[in-house]
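model.cif, holding mmCIF, C-alpha atoms:
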```
data_structure
#
loop_
_atom_site.label_atom_id
_atom_site.label_comp_id
_atom_site.auth_asym_id
_atom_site.auth_seq_id
_atom_site.Cartn_x
_atom_site.Cartn_y
_atom_site.Cartn_z
CA MET P 1 -69.80 -7.85 130.18
CA TYR P 2 -69.74 -7.46 126.39
CA PRO P 3 -65.93 -7.76 126.02
CA PHE P 4 -66.12 -11.03 127.96
CA LEU P 5 -68.98 -12.31 125.78
CA PHE P 6 -67.19 -11.26 122.62
CA LYS P 7 -63.96 -12.98 123.60
CA THR P 8 -65.46 -16.18 125.00
CA VAL P 9 -68.57 -16.63 122.86
CA PHE P 10 -68.76 -14.52 119.70
CA THR P 11 -65.20 -15.18 118.55
CA ARG P 12 -66.06 -18.89 118.53
CA ILE P 13 -69.03 -18.28 116.23
CA ASP P 14 -68.99 -17.51 112.52
CA PRO P 15 -69.03 -13.68 112.29
CA GLU P 16 -72.18 -13.54 110.16
CA LYS P 17 -74.03 -15.90 112.53
CA ALA P 18 -72.86 -13.81 115.48
CA HIS P 19 -74.20 -10.70 113.74
CA HIS P 20 -77.63 -12.28 113.33
CA LEU P 21 -77.55 -13.43 116.96
CA VAL P 22 -76.92 -9.87 118.17
CA ILE P 23 -79.66 -8.50 115.92
CA SER P 24 -82.09 -11.12 117.20
CA GLY P 25 -81.20 -10.20 120.78
CA LEU P 26 -81.83 -6.52 120.14
CA ARG P 27 -85.17 -7.22 118.51
CA LEU P 28 -86.22 -9.52 121.35
CA SER P 29 -85.28 -6.98 124.00
CA HIS P 30 -87.28 -4.36 122.12
CA ARG P 31 -90.36 -6.59 121.94
CA VAL P 32 -90.35 -7.29 125.69
CA GLY P 33 -90.13 -3.60 126.56
CA ALA P 34 -86.42 -3.16 127.24
CA GLY P 35 -86.24 -0.62 124.44
CA ARG P 36 -87.70 2.09 126.68
CA VAL P 37 -85.01 1.45 129.30
CA LEU P 38 -82.24 1.48 126.68
CA GLU P 39 -83.59 4.67 125.18
CA ARG P 40 -83.52 6.44 128.55
CA LEU P 41 -79.97 5.22 129.16
CA CYS P 42 -78.61 5.97 125.71
CA ARG P 43 -80.52 8.93 124.35
CA PRO P 44 -78.08 11.61 123.09
CA ASP P 45 -77.90 14.87 124.99
CA GLU P 46 -79.82 17.70 123.33
CA SER P 47 -76.57 19.64 123.00
CA LEU P 48 -75.50 17.19 120.29
CA GLN P 49 -78.32 18.12 117.93
CA LYS P 50 -77.02 18.97 114.47
CA ARG P 51 -78.56 20.59 111.40
CA ALA P 52 -77.47 19.21 108.04
CA LEU P 53 -79.10 18.35 104.70
CA GLY P 54 -82.14 20.39 105.79
CA LEU P 55 -82.77 17.95 108.67
CA VAL P 56 -82.29 17.93 112.43
CA TRP P 57 -80.07 15.07 113.64
CA PRO P 58 -80.24 14.10 117.35
CA SER P 59 -76.50 13.44 117.26
CA PRO P 60 -73.92 13.83 114.50
CA PHE P 61 -72.98 10.17 114.99
CA GLY P 62 -74.87 7.42 113.18
CA LEU P 63 -74.76 3.83 111.99
CA ALA P 64 -73.29 3.18 108.55
CA ALA P 65 -75.02 1.08 105.93
CA GLY P 66 -74.41 -2.65 106.08
CA PHE P 67 -75.53 -3.44 109.62
CA ASP P 68 -79.27 -3.41 108.94
CA LYS P 69 -79.55 -4.25 105.26
CA GLY P 70 -83.30 -4.76 105.15
CA ALA P 71 -84.73 -2.28 107.67
CA THR P 72 -85.65 -5.10 110.04
CA SER P 73 -84.08 -3.66 113.20
CA VAL P 74 -84.17 0.11 112.88
CA LEU P 75 -86.16 0.88 116.02
CA PRO P 76 -84.25 -1.53 118.31
CA LEU P 77 -81.02 0.03 117.02
CA ALA P 78 -82.43 3.51 117.53
CA THR P 79 -82.80 2.88 121.28
CA LEU P 80 -78.99 2.63 121.50
CA GLY P 81 -78.66 6.35 120.73
CA PHE P 82 -77.69 6.60 117.06
CA GLY P 83 -78.42 10.02 115.58
CA HIS P 84 -79.16 8.36 112.27
CA ILE P 85 -79.37 4.88 110.84
CA GLU P 86 -78.55 4.16 107.22
CA ILE P 87 -80.14 0.95 106.00
CA GLY P 88 -79.02 -1.12 103.04
CA THR P 89 -77.39 -1.55 100.72
CA VAL P 90 -80.73 -2.28 99.00
CA THR P 91 -80.92 -3.36 95.35
CA ALA P 92 -83.84 -3.27 92.93
CA ALA P 93 -84.21 -7.06 93.04
CA ALA P 94 -83.71 -9.34 96.01
CA GLN P 95 -80.45 -11.26 95.94
CA PRO P 96 -78.66 -13.74 98.24
CA GLY P 97 -75.24 -12.13 98.00
CA ASN P 98 -71.96 -13.98 97.70
CA PRO P 99 -71.38 -17.54 98.94
CA THR P 100 -70.56 -18.00 102.60
CA PRO P 101 -68.30 -17.61 104.50
CA ARG P 102 -68.14 -13.96 103.51
CA LEU P 103 -67.42 -12.06 106.72
CA PHE P 104 -64.12 -12.37 108.61
CA ARG P 105 -62.61 -10.86 111.75
CA LEU P 106 -59.03 -9.66 112.06
CA LEU P 107 -58.89 -9.54 115.85
CA LYS P 108 -55.41 -8.05 116.15
CA ASP P 109 -56.52 -5.13 113.99
CA ARG P 110 -60.06 -4.94 115.37
CA ALA P 111 -61.03 -5.02 111.71
CA LEU P 112 -63.43 -6.85 109.42
CA ILE P 113 -63.15 -8.14 105.88
CA ASN P 114 -66.45 -8.62 104.10
CA ARG P 115 -67.53 -9.72 100.66
CA MET P 116 -71.24 -9.87 101.43
CA GLY P 117 -72.27 -8.87 97.90
CA PHE P 118 -75.34 -6.74 98.68
CA ASN P 119 -77.39 -9.59 100.15
CA ASN P 120 -80.83 -8.07 100.74
CA ASP P 121 -84.58 -8.55 100.30
CA GLY P 122 -85.00 -6.09 97.44
CA ALA P 123 -86.56 -2.63 97.26
CA GLU P 124 -90.16 -3.81 96.92
CA THR P 125 -89.96 -5.81 100.16
CA VAL P 126 -88.08 -3.13 102.08
CA ARG P 127 -90.52 -0.33 101.21
CA PRO P 128 -93.44 -1.39 103.47
CA ARG P 129 -91.02 -1.86 106.36
CA LEU P 130 -89.82 1.72 105.93
CA GLU P 131 -93.40 2.97 105.66
CA GLU P 132 -94.18 1.42 109.04
CA ILE P 133 -90.94 2.73 110.56
CA ARG P 134 -91.73 6.27 109.40
CA GLU P 135 -95.13 6.08 111.09
CA GLN P 136 -93.53 4.87 114.31
CA ILE P 137 -90.86 7.58 114.19
CA PHE P 138 -93.58 10.20 113.72
CA ARG P 139 -95.24 8.95 116.90
CA LEU P 140 -91.91 8.95 118.76
CA LYS P 141 -91.27 12.56 117.78
CA ARG P 142 -94.80 13.57 118.73
CA ASN P 143 -94.25 12.08 122.19
CA GLY P 144 -90.89 13.77 122.64
CA ARG P 145 -88.89 10.56 122.40
CA HIS P 146 -85.63 9.81 120.61
CA ALA P 147 -86.12 9.40 116.85
CA PRO P 148 -83.15 9.06 114.49
CA VAL P 149 -82.91 10.25 110.90
CA ILE P 150 -83.29 7.33 108.48
CA GLY P 151 -81.27 6.99 105.29
CA VAL P 152 -81.40 4.43 102.50
CA ASN P 153 -78.31 3.24 100.66
CA ILE P 154 -78.98 1.79 97.19
CA GLY P 155 -76.74 -0.28 94.93
CA LYS P 156 -76.78 -2.16 91.64
CA THR P 157 -78.31 -5.62 91.41
CA LYS P 158 -75.47 -8.04 90.67
CA VAL P 159 -77.04 -9.62 87.56
CA THR P 160 -77.76 -6.24 85.99
CA PRO P 161 -75.18 -5.37 83.29
CA LEU P 162 -73.24 -2.17 83.88
CA GLY P 163 -74.85 -0.69 80.79
CA ASP P 164 -78.24 -1.00 82.49
CA ALA P 165 -77.06 0.25 85.90
CA THR P 166 -78.95 3.55 85.73
CA ALA P 167 -82.28 1.84 85.13
CA ASP P 168 -81.55 -0.52 88.01
CA TYR P 169 -80.78 2.35 90.40
CA LEU P 170 -83.87 4.20 89.22
CA ALA P 171 -86.09 1.25 90.08
CA SER P 172 -84.81 1.33 93.66
CA THR P 173 -85.05 5.12 93.76
CA GLN P 174 -88.67 5.23 92.68
CA MET P 175 -89.58 2.59 95.25
CA LEU P 176 -87.64 3.94 98.23
CA ALA P 177 -87.20 7.72 97.85
CA PRO P 178 -90.70 8.46 99.21
CA VAL P 179 -89.96 6.62 102.46
CA THR P 180 -86.49 7.89 103.37
CA ASP P 181 -85.04 11.06 104.86
CA TYR P 182 -82.01 10.90 102.56
CA LEU P 183 -80.78 8.65 99.75
CA VAL P 184 -77.27 7.36 99.07
CA VAL P 185 -75.99 6.05 95.74
CA ASN P 186 -73.41 3.38 96.50
CA VAL P 187 -70.93 2.98 93.64
CA SER P 188 -67.99 2.02 95.83
CA SER P 189 -68.49 -1.46 97.24
CA PRO P 190 -65.69 -3.79 96.10
CA ASN P 191 -67.99 -6.80 96.30
CA THR P 192 -70.18 -6.35 93.22
CA PRO P 193 -68.19 -7.00 90.02
CA GLY P 194 -67.60 -3.82 88.03
CA LEU P 195 -69.48 -1.56 90.44
CA ARG P 196 -66.54 0.73 91.17
CA GLN P 197 -66.31 1.52 87.46
CA LEU P 198 -69.38 3.67 88.04
CA GLN P 199 -67.16 6.06 90.02
CA ASP P 200 -65.68 7.12 86.70
CA ILE P 201 -67.02 10.61 86.11
CA SER P 202 -68.38 9.81 82.65
CA ALA P 203 -70.60 7.11 84.18
CA LEU P 204 -71.29 8.82 87.49
CA ARG P 205 -72.60 12.12 86.12
CA PRO P 206 -75.65 10.76 84.24
CA LEU P 207 -76.35 8.23 87.01
CA LEU P 208 -76.50 10.83 89.79
CA ALA P 209 -78.44 13.31 87.68
CA ALA P 210 -81.06 10.67 86.83
CA VAL P 211 -81.38 9.39 90.39
CA GLY P 212 -81.69 12.89 91.84
CA SER P 213 -84.48 13.83 89.46
CA ALA P 214 -86.31 10.53 89.94
CA ALA P 215 -86.06 10.72 93.74
CA ASP P 216 -87.65 14.16 93.91
CA ASP P 217 -90.37 13.18 91.44
CA ALA P 218 -91.21 9.97 93.30
CA ALA P 219 -91.28 11.61 96.73
CA ARG P 220 -92.89 14.88 95.56
CA ARG P 221 -90.33 16.72 97.67
CA HIS P 222 -86.59 17.21 97.62
CA VAL P 223 -84.83 14.09 98.88
CA PRO P 224 -81.23 14.84 99.90
CA LEU P 225 -78.96 12.80 97.65
CA LEU P 226 -75.42 11.69 98.47
CA VAL P 227 -72.84 9.53 96.73
CA LYS P 228 -70.64 7.09 98.63
CA ILE P 229 -67.07 6.80 97.37
CA ALA P 230 -64.15 4.44 97.93
CA PRO P 231 -60.99 5.25 99.89
CA ASP P 232 -58.98 3.67 97.09
CA LEU P 233 -59.64 6.53 94.66
CA ALA P 234 -56.56 8.47 93.68
CA ASP P 235 -56.48 12.07 94.92
CA ALA P 236 -57.14 13.34 91.41
CA ASP P 237 -60.26 11.18 91.22
CA VAL P 238 -61.47 12.48 94.59
CA ASP P 239 -61.05 15.99 93.20
CA ALA P 240 -63.02 15.01 90.10
CA VAL P 241 -65.85 13.65 92.24
CA ALA P 242 -65.90 16.91 94.21
CA GLU P 243 -66.12 18.91 90.98
CA LEU P 244 -68.99 16.73 89.79
CA VAL P 245 -70.81 17.13 93.10
CA ARG P 246 -70.50 20.91 92.77
CA ASP P 247 -71.64 20.89 89.15
CA LEU P 248 -74.71 18.78 89.88
CA GLY P 249 -75.56 20.59 93.11
CA LEU P 250 -75.54 17.26 94.91
CA ASP P 251 -76.41 17.43 98.60
CA GLY P 252 -73.40 15.53 99.88
CA VAL P 253 -70.75 12.83 99.84
CA ILE P 254 -70.15 9.85 102.12
CA ALA P 255 -66.44 9.19 102.47
CA THR P 256 -65.45 6.43 102.59
CA ASN P 257 -66.47 2.85 101.91
CA THR P 258 -64.28 -0.17 102.72
CA THR P 259 -60.86 -0.61 101.15
CA ILE P 260 -59.30 -3.36 99.06
CA SER P 261 -55.90 -2.49 100.52
CA ARG P 262 -54.24 -4.84 103.01
CA GLU P 263 -51.36 -2.57 103.99
CA ASP P 264 -50.10 -2.01 107.57
CA LEU P 265 -52.10 -4.81 109.19
CA HIS P 266 -50.95 -6.48 112.40
CA SER P 267 -52.80 -9.75 111.79
CA ASP P 268 -50.88 -12.78 110.56
CA ALA P 269 -50.40 -12.67 106.81
CA GLU P 270 -51.74 -16.21 106.49
CA LEU P 271 -54.98 -15.22 108.22
CA VAL P 272 -55.42 -12.20 105.96
CA LEU P 273 -54.71 -14.29 102.88
CA ALA P 274 -57.16 -16.97 104.01
CA ALA P 275 -59.93 -14.38 104.37
CA GLY P 276 -59.55 -13.60 100.68
CA ALA P 277 -61.07 -10.78 98.67
CA GLY P 278 -63.41 -8.20 100.08
CA GLY P 279 -63.60 -4.80 101.68
CA LEU P 280 -61.54 -4.10 104.79
CA SER P 281 -62.95 -1.88 107.53
CA GLY P 282 -61.67 -0.84 110.94
CA PRO P 283 -59.05 1.46 112.48
CA GLY P 284 -56.57 0.88 109.67
CA LEU P 285 -58.88 2.81 107.35
CA ALA P 286 -58.93 5.93 109.52
CA GLU P 287 -55.97 7.77 108.05
CA ARG P 288 -57.08 7.51 104.43
CA SER P 289 -60.65 8.33 105.39
CA LYS P 290 -59.45 11.52 107.05
CA GLN P 291 -57.32 12.40 104.02
CA VAL P 292 -60.31 12.07 101.69
CA LEU P 293 -62.48 14.07 104.10
CA THR P 294 -59.95 16.91 104.22
CA ARG P 295 -59.59 16.93 100.44
CA LEU P 296 -63.34 17.00 99.87
CA ARG P 297 -63.92 19.72 102.45
CA ALA P 298 -61.34 21.95 100.80
CA ALA P 299 -63.02 21.48 97.41
CA LEU P 300 -66.71 21.65 98.37
CA PRO P 301 -68.84 24.55 99.60
CA GLU P 302 -69.98 24.51 103.22
CA THR P 303 -73.53 23.86 102.04
CA THR P 304 -72.47 20.45 100.67
CA ALA P 305 -72.58 17.90 103.46
CA ILE P 306 -69.84 15.36 104.07
CA ILE P 307 -70.48 12.24 106.12
CA SER P 308 -67.18 10.78 107.27
CA VAL P 309 -66.89 7.04 107.89
CA GLY P 310 -63.96 4.68 108.26
CA GLY P 311 -61.99 3.72 111.35
CA VAL P 312 -64.09 5.68 113.87
CA THR P 313 -63.86 4.10 117.32
CA SER P 314 -64.31 6.83 119.96
CA GLY P 315 -65.98 10.12 120.73
CA GLU P 316 -62.62 11.79 120.23
CA ASP P 317 -62.50 10.30 116.72
CA VAL P 318 -65.94 11.72 115.96
CA ALA P 319 -64.93 15.14 117.29
CA GLU P 320 -61.79 15.05 115.13
CA ARG P 321 -63.80 14.29 111.99
CA LEU P 322 -66.16 17.16 112.77
CA ALA P 323 -63.18 19.48 113.29
CA LEU P 324 -61.77 18.37 109.93
CA GLY P 325 -64.97 19.47 108.24
CA ALA P 326 -67.38 16.55 108.40
CA ASP P 327 -71.01 17.47 109.02
CA LEU P 328 -71.87 13.97 110.25
CA VAL P 329 -69.95 10.82 111.14
CA GLN P 330 -70.75 7.12 110.87
CA GLY P 331 -69.37 3.96 112.41
CA TYR P 332 -69.88 0.23 112.06
CA THR P 333 -66.90 -2.05 112.70
CA ALA P 334 -66.16 -0.82 116.22
CA PHE P 335 -69.82 -1.57 117.07
CA VAL P 336 -69.01 -5.24 116.50
CA TYR P 337 -66.00 -5.11 118.83
CA GLU P 338 -67.34 -2.71 121.48
CA GLY P 339 -70.97 -3.81 121.87
CA PRO P 340 -74.34 -2.07 122.23
CA PHE P 341 -73.28 0.61 124.75
CA TRP P 342 -70.54 1.81 122.41
CA VAL P 343 -72.93 4.40 120.95
CA ARG P 344 -73.74 5.75 124.41
CA ARG P 345 -70.04 6.09 125.17
CA ILE P 346 -69.45 7.85 121.85
CA ASN P 347 -72.21 10.40 122.48
CA ARG P 348 -71.17 11.08 126.07
CA SER P 349 -67.53 11.48 125.15
CA LEU P 350 -68.40 13.68 122.18
CA SER P 351 -70.55 15.86 124.39
CA ARG P 352 -67.66 16.35 126.85
CA VAL P 353 -65.18 17.11 124.07
CA LEU P 354 -67.44 19.66 122.42
CA ARG P 355 -68.22 21.38 125.76
CA SER P 356 -64.52 21.74 126.49
CA ARG P 357 -63.82 23.61 123.27
#
```
Produce structure tokens that represent the structure in this file.
Amino acid sequence: MYPFLFKTVFTRIDPEKAHHLVISGLRLSHRVGAGRVLERLCRPDESLQKRALGLVWPSPFGLAAGFDKGATSVLPLATLGFGHIEIGTVTAAAQPGNPTPRLFRLLKDRALINRMGFNNDGAETVRPRLEEIREQIFRLKRNGRHAPVIGVNIGKTKVTPLGDATADYLASTQMLAPVTDYLVVNVSSPNTPGLRQLQDISALRPLLAAVGSAADDAARRHVPLLVKIAPDLADADVDAVAELVRDLGLDGVIATNTTISREDLHSDAELVLAAGAGGLSGPGLAERSKQVLTRLRAALPETTAIISVGGVTSGEDVAERLALGADLVQGYTAFVYEGPFWVRRINRSLSRVLRSR
């Protein structure tokens, strides 16, 4: 059913509008009670439970940041079987993001190009939503129901100068660290001017040290902290990030974000050019994402978690990332192309693959 709807309906609608339509449908189905049915159909098998970052994850497969930027649809999404849901990217101040259109499909590549620009409601607005979600998840766990791990991905407010980036991240950290299971510092989106400069080790070291300290102080507990990096980093820079993560005792790395590369695409060059600047996601990112994963795993201790993301489309893909050393895996773009039962298929396939080993 979904492939037919996607081909005949969604491809005729602006991608961002189609995204909001799907979200609205999920929320509506949850309100009328369909969430219970979906949860029974899609709940991951207990054999997929994973321990990482001091937490128990119902499945190693989760939803990457970007789909639910403002924590408005976490519980409806949870019924689809995600082991974790990472909300955001959230910034200290609310911002509209870049002008539309800013999301584009490359159908031949089953890929997306986005230059959303961290459009979100701001940390102060998101916090009470997460407080309510945490209460609901507590009740779900108490009743033996499926309850995903919740992460928060934070970024720099666009109008904040790079020189004030640390203060901007700290404002989000202090607001959101108490209401998340783990925190991600996003310095790798290509859609906020200058942001990727923060991946330079001289800038990244004090930023991560400050955020880590502030997160634990605000939450009065240790909040696992990860940094999300770009696939476009040179190998030497990936190695430098790994060394920094070791030095700081950071909990983990998310590898990787979207890419600015447009190599090896099957879509018409004119279509790609018309889409313009932005981050590319989809199967074409898989190879570089795996390369970065392998490089990080070789350089980091087993106690440092790696979440692999980029080009994941199947349960076999997830199993491969785990075999390459990932502790957890995320997806996003294939969700758009495959539909709501994609997560169920991932978990079932992953369960079969892992049992056969």
Applied to this file, what does the PyMOL selection byres ((chain P and resi 256-267) around 10) return in terms of residues, put as a short mmCIF file (atom, residue, chain, number, x, y, z; two decimals) with C-alpha atoms, in the frame of the given file?
```cif
data_model
loop_
_atom_site.label_atom_id
_atom_site.label_comp_id
_atom_site.auth_asym_id
_atom_site.auth_seq_id
_atom_site.Cartn_x
_atom_site.Cartn_y
_atom_site.Cartn_z
CA ALA P 64 -73.29 3.18 108.55
CA ALA P 65 -75.02 1.08 105.93
CA ARG P 105 -62.61 -10.86 111.75
CA LEU P 106 -59.03 -9.66 112.06
CA LEU P 107 -58.89 -9.54 115.85
CA LYS P 108 -55.41 -8.05 116.15
CA ASP P 109 -56.52 -5.13 113.99
CA ARG P 110 -60.06 -4.94 115.37
CA ALA P 111 -61.03 -5.02 111.71
CA LEU P 112 -63.43 -6.85 109.42
CA ILE P 113 -63.15 -8.14 105.88
CA ASN P 114 -66.45 -8.62 104.10
CA ASN P 186 -73.41 3.38 96.50
CA VAL P 187 -70.93 2.98 93.64
CA SER P 188 -67.99 2.02 95.83
CA SER P 189 -68.49 -1.46 97.24
CA PRO P 190 -65.69 -3.79 96.10
CA ASN P 191 -67.99 -6.80 96.30
CA VAL P 227 -72.84 9.53 96.73
CA LYS P 228 -70.64 7.09 98.63
CA ILE P 229 -67.07 6.80 97.37
CA ALA P 230 -64.15 4.44 97.93
CA PRO P 231 -60.99 5.25 99.89
CA ASP P 232 -58.98 3.67 97.09
CA LEU P 233 -59.64 6.53 94.66
CA VAL P 253 -70.75 12.83 99.84
CA ILE P 254 -70.15 9.85 102.12
CA ALA P 255 -66.44 9.19 102.47
CA ASP P 268 -50.88 -12.78 110.56
CA ALA P 269 -50.40 -12.67 106.81
CA GLU P 270 -51.74 -16.21 106.49
CA LEU P 271 -54.98 -15.22 108.22
CA VAL P 272 -55.42 -12.20 105.96
CA LEU P 273 -54.71 -14.29 102.88
CA ALA P 277 -61.07 -10.78 98.67
CA GLY P 278 -63.41 -8.20 100.08
CA GLY P 279 -63.60 -4.80 101.68
CA LEU P 280 -61.54 -4.10 104.79
CA SER P 281 -62.95 -1.88 107.53
CA GLY P 282 -61.67 -0.84 110.94
CA PRO P 283 -59.05 1.46 112.48
CA GLY P 284 -56.57 0.88 109.67
CA LEU P 285 -58.88 2.81 107.35
CA ALA P 286 -58.93 5.93 109.52
CA ARG P 288 -57.08 7.51 104.43
CA SER P 289 -60.65 8.33 105.39
CA LYS P 290 -59.45 11.52 107.05
CA VAL P 292 -60.31 12.07 101.69
CA LEU P 293 -62.48 14.07 104.10
CA ILE P 307 -70.48 12.24 106.12
CA SER P 308 -67.18 10.78 107.27
CA VAL P 309 -66.89 7.04 107.89
CA GLY P 310 -63.96 4.68 108.26
CA GLY P 311 -61.99 3.72 111.35
CA GLN P 330 -70.75 7.12 110.87
#
```
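Across P:Pro3, P:Pro161, P:Pro148, P:Gly70, the tightest approach to Phe118 in chain P is made by P:Gly70 when counting all atoms listed in the file.
Counting all atoms listed in the file and comparing P:Gln95, P:Glu338, P:Val353, P:Asp164, the residue that lies closest to Val312 in chain P is P:Glu338.
The space between CA of Trp57 in chain P and CA of Leu225 in chain P spans 16.2 Å.
Of the residues listed (P:Thr166, P:Thr89, P:Ser59, P:Asn98), P:Thr89 shows the shortest atom-to-atom separation from Val126 in chain P; distances use all atoms listed in the file.
Distances from P:Ala218, P:Tyr182, P:Glu131, P:Leu162 to Ala203 in chain P were compared using only C-alpha atoms, and the smallest one belongs to P:Leu162.
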Handout entry: Atomic separation - CA of Ile85 in chain P relative to CA of Arg129 in chain P, Å
Key = 14.2 Å
Practice task
Could you tell me which of P:Val32, P:Leu248, P:Leu80, P:Leu41 comes closest to Val343 in chain P if we count all atoms listed in the file?
Solution key: P:Leu80
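Here CA of Asp237 in chain P is placed at a distance of 10.9 Å from CA of Leu296 in chain P.
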Exercise for the section: May I have the residues within 10 Å of Leu300 in chain P as an NGL selection string, using all atoms listed in the file and disregarding those fewer than 5 positions away in the same chain? Expected result: :P and (239 or 242-243 or 245-246 or 252-253 or 295 or 305-306)
Exercise for the section: Pick out the residues sitting within 9 Å of Ala214 in chain P, and hand them over as a PyMOL selection string; count all atoms listed in the file, and ignore anything fewer than 3 positions along from it in its own chain. Expected result: chain P and resi 170+173-174+177+209-211+217-219
Written file, previous selection with C-alpha atoms, as a tab-separated table (two decimals), in the coordinates of the input:
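New file out-v9.tsv:
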```
chain	number	residue	atom	x	y	z
P	170	LEU	CA	-83.87	4.20	89.22
P	173	THR	CA	-85.05	5.12	93.76
P	174	GLN	CA	-88.67	5.23	92.68
P	177	ALA	CA	-87.20	7.72	97.85
P	209	ALA	CA	-78.44	13.31	87.68
P	210	ALA	CA	-81.06	10.67	86.83
P	211	VAL	CA	-81.38	9.39	90.39
P	217	ASP	CA	-90.37	13.18	91.44
P	218	ALA	CA	-91.21	9.97	93.30
P	219	ALA	CA	-91.28	11.61	96.73
```
Practice task
For the structure shown, which residues end up in the PyMOL selection byres ((chain P and resi 83) around 7)? Put them as number ranges by chain, please?
Solution key: P: 57-62, 81-82, 84, 148-149
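Among the candidates P:Leu21, P:Ala52, P:Val90, P:Ile150, the one nearest to Ala326 in chain P when counting all atoms listed in the file is P:Ala52.
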Could you give me the axis-aligned bounding box of range 322-335 of chain P, with 6 Å of padding per side, as centre plus edge lengths in Å to one decimal, as lines of an AutoDock Vina configuration file?
```
center_x = -66.8
center_y = 8.7
center_z = 112.7
size_x = 22.1
size_y = 33.5
size_z = 20.8
```
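Put simply, the PyMOL selection byres ((chain P and resi 16) around 9) on this file hits Ile13, Asp14, Pro15, Lys17, Ala18, His19, His20, Leu21, Thr100, Pro101, Arg102, Leu103 and Phe104 of chain P.
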Neighbour list for Ile87 in chain P as a short mmCIF file (atom, residue, chain, number, x, y, z; two decimals) with C-alpha atoms, keeping the file's coordinate frame, cut-off 6 Å, all atoms listed in the file, skip fewer than 2 positions in-chain:
```
data_model
loop_
_atom_site.label_atom_id
_atom_site.label_comp_id
_atom_site.auth_asym_id
_atom_site.auth_seq_id
_atom_site.Cartn_x
_atom_site.Cartn_y
_atom_site.Cartn_z
CA ALA P 65 -75.02 1.08 105.93
CA ASP P 68 -79.27 -3.41 108.94
CA LYS P 69 -79.55 -4.25 105.26
CA ALA P 71 -84.73 -2.28 107.67
CA VAL P 152 -81.40 4.43 102.50
#
```
